[in-house]
$ cat coords-v7.pdb   # PDB, C-alpha atoms, pLDDT in the B column
ATOM      1  CA  MET A   1     147.599  46.403 125.336  1.00 33.00           C
ATOM      2  CA  ILE A   2     149.176  42.965 125.196  1.00 35.00           C
ATOM      3  CA  LYS A   3     147.901  40.525 127.811  1.00 36.00           C
ATOM      4  CA  THR A   4     150.326  37.896 128.995  1.00 35.00           C
ATOM      5  CA  GLN A   5     150.444  35.176 131.596  1.00 33.00           C
ATOM      6  CA  ILE A   6     153.902  34.532 132.939  1.00 30.00           C
ATOM      7  CA  GLY A   7     154.563  31.262 134.750  1.00 30.00           C
ATOM      8  CA  CYS A   8     156.696  31.228 137.884  1.00 28.00           C
ATOM      9  CA  ASN A   9     157.519  28.736 140.641  1.00 29.00           C
ATOM     10  CA  ARG A  10     154.562  29.608 142.868  1.00 29.00           C
ATOM     11  CA  GLY A  11     151.875  30.025 140.235  1.00 34.00           C
ATOM     12  CA  ALA A  12     151.207  32.551 137.530  1.00 35.00           C
ATOM     13  CA  SER A  13     151.523  36.285 137.333  1.00 35.00           C
ATOM     14  CA  ILE A  14     148.938  38.053 135.192  1.00 40.00           C
ATOM     15  CA  VAL A  15     150.339  40.984 133.203  1.00 39.00           C
ATOM     16  CA  GLY A  16     148.174  43.468 131.309  1.00 43.00           C
ATOM     17  CA  TYR A  17     144.786  42.422 132.733  1.00 45.00           C
ATOM     18  CA  THR A  18     142.390  44.751 134.534  1.00 50.00           C
ATOM     19  CA  GLU A  19     141.721  44.227 138.240  1.00 52.00           C
ATOM     20  CA  LYS A  20     138.251  42.908 137.328  1.00 53.00           C
ATOM     21  CA  GLU A  21     139.816  40.318 135.011  1.00 51.00           C
ATOM     22  CA  LYS A  22     142.416  39.362 137.624  1.00 49.00           C
ATOM     23  CA  ASN A  23     139.725  38.858 140.241  1.00 52.00           C
ATOM     24  CA  ASN A  24     137.526  36.783 137.939  1.00 50.00           C
ATOM     25  CA  GLN A  25     137.245  33.205 139.225  1.00 49.00           C
ATOM     26  CA  ASN A  26     137.707  31.895 135.670  1.00 54.00           C
ATOM     27  CA  ILE A  27     141.228  33.313 135.420  1.00 49.00           C
ATOM     28  CA  LYS A  28     142.579  30.000 136.790  1.00 48.00           C
ATOM     29  CA  ALA A  29     141.212  28.213 133.729  1.00 63.00           C
ATOM     30  CA  MET A  30     142.799  30.720 131.313  1.00 79.00           C
ATOM     31  CA  GLN A  31     144.099  29.239 128.082  1.00 86.00           C
ATOM     32  CA  LYS A  32     147.866  28.962 128.397  1.00 92.00           C
ATOM     33  CA  ILE A  33     148.689  28.259 124.754  1.00 95.00           C
ATOM     34  CA  ILE A  34     147.287  30.624 122.141  1.00 96.00           C
ATOM     35  CA  PRO A  35     147.629  29.551 118.492  1.00 97.00           C
ATOM     36  CA  ASN A  36     149.068  32.274 116.285  1.00 97.00           C
ATOM     37  CA  LEU A  37     147.762  32.040 112.713  1.00 98.00           C
ATOM     38  CA  TRP A  38     149.883  33.548 109.933  1.00 97.00           C
ATOM     39  CA  PHE A  39     147.965  35.405 107.215  1.00 97.00           C
ATOM     40  CA  ASP A  40     149.239  37.254 104.167  1.00 95.00           C
ATOM     41  CA  SER A  41     147.394  40.533 104.826  1.00 95.00           C
ATOM     42  CA  ASN A  42     143.821  39.502 105.651  1.00 97.00           C
ATOM     43  CA  ALA A  43     143.926  38.490 109.342  1.00 98.00           C
ATOM     44  CA  GLN A  44     141.152  40.911 110.302  1.00 98.00           C
ATOM     45  CA  GLU A  45     138.934  39.704 107.447  1.00 98.00           C
ATOM     46  CA  ALA A  46     139.544  36.101 108.535  1.00 98.00           C
ATOM     47  CA  ALA A  47     138.787  36.884 112.194  1.00 98.00           C
ATOM     48  CA  GLU A  48     135.531  38.577 111.184  1.00 98.00           C
ATOM     49  CA  PHE A  49     134.645  35.511 109.085  1.00 98.00           C
ATOM     50  CA  TYR A  50     135.285  33.192 112.043  1.00 98.00           C
ATOM     51  CA  LEU A  51     133.164  35.435 114.274  1.00 98.00           C
ATOM     52  CA  SER A  52     130.325  35.151 111.754  1.00 97.00           C
ATOM     53  CA  VAL A  53     130.583  31.345 111.921  1.00 98.00           C
ATOM     54  CA  PHE A  54     131.074  31.039 115.681  1.00 97.00           C
ATOM     55  CA  LYS A  55     128.342  33.286 117.061  1.00 93.00           C
ATOM     56  CA  ASP A  56     129.713  33.465 120.611  1.00 92.00           C
ATOM     57  CA  GLY A  57     133.029  34.885 119.413  1.00 96.00           C
ATOM     58  CA  LYS A  58     134.547  38.271 120.037  1.00 97.00           C
ATOM     59  CA  ILE A  59     137.475  40.473 119.067  1.00 98.00           C
ATOM     60  CA  ILE A  60     139.778  40.939 122.052  1.00 97.00           C
ATOM     61  CA  ASN A  61     142.543  43.185 120.754  1.00 98.00           C
ATOM     62  CA  ILE A  62     143.984  44.662 117.543  1.00 98.00           C
ATOM     63  CA  THR A  63     147.570  45.900 117.186  1.00 98.00           C
ATOM     64  CA  TYR A  64     149.025  47.869 114.288  1.00 98.00           C
ATOM     65  CA  TYR A  65     152.379  48.026 112.556  1.00 97.00           C
ATOM     66  CA  PRO A  66     154.339  51.219 113.220  1.00 97.00           C
ATOM     67  CA  ASN A  67     154.033  53.908 110.560  1.00 96.00           C
ATOM     68  CA  SER A  68     157.747  54.443 109.989  1.00 96.00           C
ATOM     69  CA  GLU A  69     161.272  53.148 110.521  1.00 95.00           C
ATOM     70  CA  ALA A  70     161.659  55.749 113.271  1.00 95.00           C
ATOM     71  CA  GLU A  71     158.852  53.954 115.128  1.00 96.00           C
ATOM     72  CA  GLY A  72     160.546  50.560 114.641  1.00 95.00           C
ATOM     73  CA  LEU A  73     159.194  49.397 111.270  1.00 94.00           C
ATOM     74  CA  ALA A  74     161.715  47.101 109.567  1.00 93.00           C
ATOM     75  CA  ASP A  75     162.624  47.621 105.936  1.00 91.00           C
ATOM     76  CA  PHE A  76     160.863  44.397 104.854  1.00 90.00           C
ATOM     77  CA  GLN A  77     157.668  45.559 106.636  1.00 93.00           C
ATOM     78  CA  LYS A  78     157.241  48.859 104.750  1.00 93.00           C
ATOM     79  CA  ASP A  79     154.185  47.582 102.853  1.00 93.00           C
ATOM     80  CA  PHE A  80     152.484  46.980 106.221  1.00 95.00           C
ATOM     81  CA  ALA A  81     153.066  50.474 107.666  1.00 96.00           C
ATOM     82  CA  GLY A  82     150.086  51.516 109.815  1.00 97.00           C
ATOM     83  CA  LYS A  83     148.094  48.389 108.934  1.00 97.00           C
ATOM     84  CA  VAL A  84     146.809  45.658 111.247  1.00 98.00           C
ATOM     85  CA  LEU A  85     149.658  43.597 112.683  1.00 98.00           C
ATOM     86  CA  THR A  86     147.681  41.219 114.915  1.00 98.00           C
ATOM     87  CA  ILE A  87     144.088  40.579 115.810  1.00 98.00           C
ATOM     88  CA  GLU A  88     143.336  38.551 118.905  1.00 98.00           C
ATOM     89  CA  PHE A  89     139.918  36.920 118.935  1.00 98.00           C
ATOM     90  CA  GLU A  90     137.998  34.209 120.723  1.00 97.00           C
ATOM     91  CA  ILE A  91     135.752  31.488 119.309  1.00 96.00           C
ATOM     92  CA  LEU A  92     134.083  28.725 121.328  1.00 93.00           C
ATOM     93  CA  GLY A  93     136.073  29.891 124.344  1.00 93.00           C
ATOM     94  CA  MET A  94     139.424  29.519 122.542  1.00 96.00           C
ATOM     95  CA  ARG A  95     141.689  32.494 121.979  1.00 97.00           C
ATOM     96  CA  LEU A  96     143.556  32.773 118.698  1.00 98.00           C
ATOM     97  CA  ILE A  97     145.781  35.449 117.213  1.00 98.00           C
ATOM     98  CA  GLY A  98     145.861  36.273 113.516  1.00 98.00           C
ATOM     99  CA  ILE A  99     149.030  37.985 112.291  1.00 98.00           C
ATOM    100  CA  ASN A 100     149.470  39.787 108.982  1.00 96.00           C
ATOM    101  CA  ALA A 101     153.002  38.892 107.965  1.00 94.00           C
ATOM    102  CA  GLY A 102     153.063  38.420 104.203  1.00 92.00           C
ATOM    103  CA  PRO A 103     152.833  35.528 101.754  1.00 93.00           C
ATOM    104  CA  ILE A 104     155.875  33.568 102.946  1.00 92.00           C
ATOM    105  CA  PHE A 105     154.035  30.835 104.895  1.00 95.00           C
ATOM    106  CA  LYS A 106     150.738  29.118 104.108  1.00 95.00           C
ATOM    107  CA  PHE A 107     148.467  26.871 106.143  1.00 96.00           C
ATOM    108  CA  ASN A 108     148.565  23.133 105.496  1.00 95.00           C
ATOM    109  CA  GLU A 109     147.021  19.974 106.915  1.00 94.00           C
ATOM    110  CA  ALA A 110     149.858  19.463 109.388  1.00 96.00           C
ATOM    111  CA  ILE A 111     147.659  21.276 111.914  1.00 96.00           C
ATOM    112  CA  SER A 112     143.898  21.484 112.155  1.00 97.00           C
ATOM    113  CA  LEU A 113     141.290  22.728 114.594  1.00 97.00           C
ATOM    114  CA  MET A 114     138.668  20.197 115.692  1.00 97.00           C
ATOM    115  CA  ILE A 115     135.056  21.124 116.413  1.00 97.00           C
ATOM    116  CA  PRO A 116     133.276  18.438 118.467  1.00 97.00           C
ATOM    117  CA  CYS A 117     129.609  18.738 117.420  1.00 98.00           C
ATOM    118  CA  LYS A 118     126.622  17.625 119.501  1.00 97.00           C
ATOM    119  CA  ASP A 119     124.574  16.353 116.530  1.00 98.00           C
ATOM    120  CA  GLN A 120     124.252  16.196 112.736  1.00 98.00           C
ATOM    121  CA  THR A 121     122.609  19.624 112.590  1.00 98.00           C
ATOM    122  CA  GLU A 122     125.670  21.182 114.184  1.00 98.00           C
ATOM    123  CA  ILE A 123     128.021  19.236 111.892  1.00 98.00           C
ATOM    124  CA  ASP A 124     126.022  20.431 108.864  1.00 98.00           C
ATOM    125  CA  TYR A 125     126.097  24.040 110.080  1.00 98.00           C
ATOM    126  CA  TYR A 126     129.866  24.205 110.609  1.00 98.00           C
ATOM    127  CA  TRP A 127     130.591  22.219 107.445  1.00 98.00           C
ATOM    128  CA  GLU A 128     128.520  24.548 105.273  1.00 98.00           C
ATOM    129  CA  ALA A 129     129.752  27.726 106.978  1.00 98.00           C
ATOM    130  CA  LEU A 130     133.438  26.839 106.844  1.00 98.00           C
ATOM    131  CA  THR A 131     133.408  25.585 103.239  1.00 98.00           C
ATOM    132  CA  SER A 132     131.435  28.609 101.994  1.00 97.00           C
ATOM    133  CA  GLY A 133     133.116  31.215  99.841  1.00 97.00           C
ATOM    134  CA  GLY A 134     135.851  28.982  98.499  1.00 97.00           C
ATOM    135  CA  GLY A 135     136.559  26.440 101.240  1.00 98.00           C
ATOM    136  CA  GLN A 136     137.351  22.863 100.221  1.00 98.00           C
ATOM    137  CA  GLU A 137     135.978  19.549 101.450  1.00 98.00           C
ATOM    138  CA  SER A 138     138.483  16.842 102.235  1.00 97.00           C
ATOM    139  CA  VAL A 139     137.878  13.378 103.744  1.00 95.00           C
ATOM    140  CA  CYS A 140     136.991  11.974 107.178  1.00 95.00           C
ATOM    141  CA  GLY A 141     135.361  15.181 108.404  1.00 97.00           C
ATOM    142  CA  TRP A 142     138.265  17.417 107.380  1.00 98.00           C
ATOM    143  CA  LEU A 143     137.943  20.609 105.373  1.00 98.00           C
ATOM    144  CA  LYS A 144     139.864  23.761 104.561  1.00 98.00           C
ATOM    145  CA  ASP A 145     138.176  27.126 104.913  1.00 98.00           C
ATOM    146  CA  LYS A 146     138.606  29.868 102.323  1.00 98.00           C
ATOM    147  CA  TYR A 147     141.789  31.034 104.098  1.00 98.00           C
ATOM    148  CA  GLY A 148     143.357  27.568 103.896  1.00 98.00           C
ATOM    149  CA  LEU A 149     143.015  26.718 107.606  1.00 98.00           C
ATOM    150  CA  SER A 150     142.181  23.043 108.174  1.00 98.00           C
ATOM    151  CA  TRP A 151     139.284  22.010 110.406  1.00 98.00           C
ATOM    152  CA  GLN A 152     137.906  18.695 111.599  1.00 98.00           C
ATOM    153  CA  VAL A 153     134.132  18.815 112.015  1.00 98.00           C
ATOM    154  CA  CYS A 154     133.338  15.722 114.055  1.00 97.00           C
ATOM    155  CA  PRO A 155     130.644  14.378 116.371  1.00 97.00           C
ATOM    156  CA  GLU A 156     131.454  14.791 120.051  1.00 96.00           C
ATOM    157  CA  ASN A 157     130.814  11.049 120.536  1.00 95.00           C
ATOM    158  CA  TRP A 158     133.564  10.258 118.017  1.00 92.00           C
ATOM    159  CA  ASP A 159     135.195   7.621 120.271  1.00 93.00           C
ATOM    160  CA  GLU A 160     131.915   5.729 120.587  1.00 94.00           C
ATOM    161  CA  LEU A 161     131.205   5.829 116.838  1.00 94.00           C
ATOM    162  CA  ASN A 162     134.684   4.547 115.986  1.00 92.00           C
ATOM    163  CA  LYS A 163     134.118   1.408 118.078  1.00 94.00           C
ATOM    164  CA  ARG A 164     131.232   0.282 115.866  1.00 95.00           C
ATOM    165  CA  PRO A 165     131.875  -2.473 113.288  1.00 95.00           C
ATOM    166  CA  GLY A 166     133.195  -1.101 110.009  1.00 95.00           C
ATOM    167  CA  ALA A 167     133.439   2.461 111.400  1.00 95.00           C
ATOM    168  CA  PHE A 168     136.890   3.229 110.036  1.00 94.00           C
ATOM    169  CA  LYS A 169     135.993   2.096 106.518  1.00 95.00           C
ATOM    170  CA  LYS A 170     132.768   4.119 106.629  1.00 95.00           C
ATOM    171  CA  MET A 171     134.616   7.204 107.869  1.00 95.00           C
ATOM    172  CA  MET A 172     137.247   6.897 105.119  1.00 94.00           C
ATOM    173  CA  GLY A 173     134.463   6.926 102.518  1.00 96.00           C
ATOM    174  CA  MET A 174     132.969  10.179 103.802  1.00 97.00           C
ATOM    175  CA  LYS A 175     133.800  13.802 103.292  1.00 98.00           C
ATOM    176  CA  LYS A 176     131.406  15.358 105.783  1.00 98.00           C
ATOM    177  CA  ILE A 177     130.690  12.969 108.663  1.00 97.00           C
ATOM    178  CA  ILE A 178     127.156  11.572 108.590  1.00 97.00           C
ATOM    179  CA  ILE A 179     126.398  10.203 112.047  1.00 97.00           C
ATOM    180  CA  ALA A 180     123.452   8.042 110.877  1.00 96.00           C
ATOM    181  CA  ASP A 181     125.784   6.122 108.533  1.00 95.00           C
ATOM    182  CA  PHE A 182     127.724   4.633 111.436  1.00 93.00           C
TER
END

$ encode --input "coords-v7.pdb" --output "structure tokens"
Amino acid sequence: MIKTQIGCNRGASIVGYTEKEKNNQNIKAMQKIIPNLWFDSNAQEAAEFYLSVFKDGKIINITYYPNSEAEGLADFQKDFAGKVLTIEFEILGMRLIGINAGPIFKFNEAISLMIPCKDQTEIDYYWEALTSGGGQESVCGWLKDKYGLSWQVCPENWDELNKRPGAFKKMMGMKKIIIADF
């Protein structure tokens, strides 16, 4: 089932949610923009990786491509017949959707996901977890995970640290952010 929130003049209409979900007090704070991440054919593998990194995460929904043209499968989608189309998941309270859509588009640094970390231990954890298995370190707290998605692993008191003398120069000389060096 696809869950959608439709905006209207007097508020929002919730489509596809159970009565329990509709009655939940937190529904007012529901995320209204859900990033859709394009993968070649490994969206489920990526979602499972992210769930292993972000322990509070969960799979919300999986949809599948139709099995045939009679069911609506386009000619260019034949290699995807019956396979996972989308996987909706949640990490750190943020919903994301992974879509298996082929090798046409790749991730790049034009968009990244930031993780505000409470301390150096948390920075170290996310840095190591997200660069494992083929991820790449960049500069200033940026990295790419093994799927090519860019992340910023930063201290939650980033604004305060950047006000210290020489902070920008120090940050530019770092890959992983080291709070004690500010």

$ atom_distance --input "coords-v7.pdb" --atom1 "CA of Lys83 in chain A" --atom2 "CA of Phe105 in chain A"
19.0 Å

$ atom_distance --input "coords-v7.pdb" --atom1 "CA of Ile99 in chain A" --atom2 "CA of Ile62 in chain A"
9.9 Å

$ residues_around --input "coords-v7.pdb" --residues "range 129-142 of chain A" --least-positions-apart "3" --cutoff "10 Å" --atoms "all atoms listed in the file" --output "VMD selection string"
chain A and resid 49 to 50 52 to 54 109 112 to 115 123 to 126 145 to 155 168 to 178

$ atom_distance --input "coords-v7.pdb" --atom1 "CA of Asp56 in chain A" --atom2 "CA of Thr121 in chain A"
17.5 Å

$ closest_residue --input "coords-v7.pdb" --among "A:Asn67, A:Pro165, A:Gly57, A:Lys78" --to "Gly93 in chain A" --atoms "only C-alpha atoms"
A:Gly57

$ resolve_selection --input "coords-v7.pdb" --expression "the PyMOL selection byres ((chain A and resi 40) around 9)" --output "MDAnalysis selection string"
chainID A and resid 38:39 41:43 99:106

$ closest_residue --input "coords-v7.pdb" --among "A:Ala110, A:Leu37, A:Glu69, A:Pro116" --to "Leu85 in chain A" --atoms "all atoms listed in the file"
A:Leu37

$ axis_aligned_box --input "coords-v7.pdb" --around "range 123-133 of chain A" --padding-each-side "3 Å" --output "AutoDock Vina command-line options"
--center_x 129.7 --center_y 25.2 --center_z 105.9 --size_x 13.4 --size_y 18.0 --size_z 18.1

$ residues_near_point --input "coords-v7.pdb" --point "(140.4, 36.2, 113.5)" --cutoff "8 Å" --atoms "only C-alpha atoms" --output "count of residues only"
17

$ closest_residue --input "coords-v7.pdb" --among "A:Phe182, A:Gln120, A:Gln77, A:Leu143" --to "Leu161 in chain A" --atoms "all atoms listed in the file"
A:Phe182

$ closest_residue --input "coords-v7.pdb" --among "A:Pro35, A:Lys163, A:Lys55, A:Trp127" --to "Ile91 in chain A" --atoms "all atoms listed in the file"
A:Lys55

$ closest_residue --input "coords-v7.pdb" --among "A:Asp181, A:Phe76, A:Thr86, A:Arg95" --to "Gly166 in chain A" --atoms "all atoms listed in the file"
A:Asp181
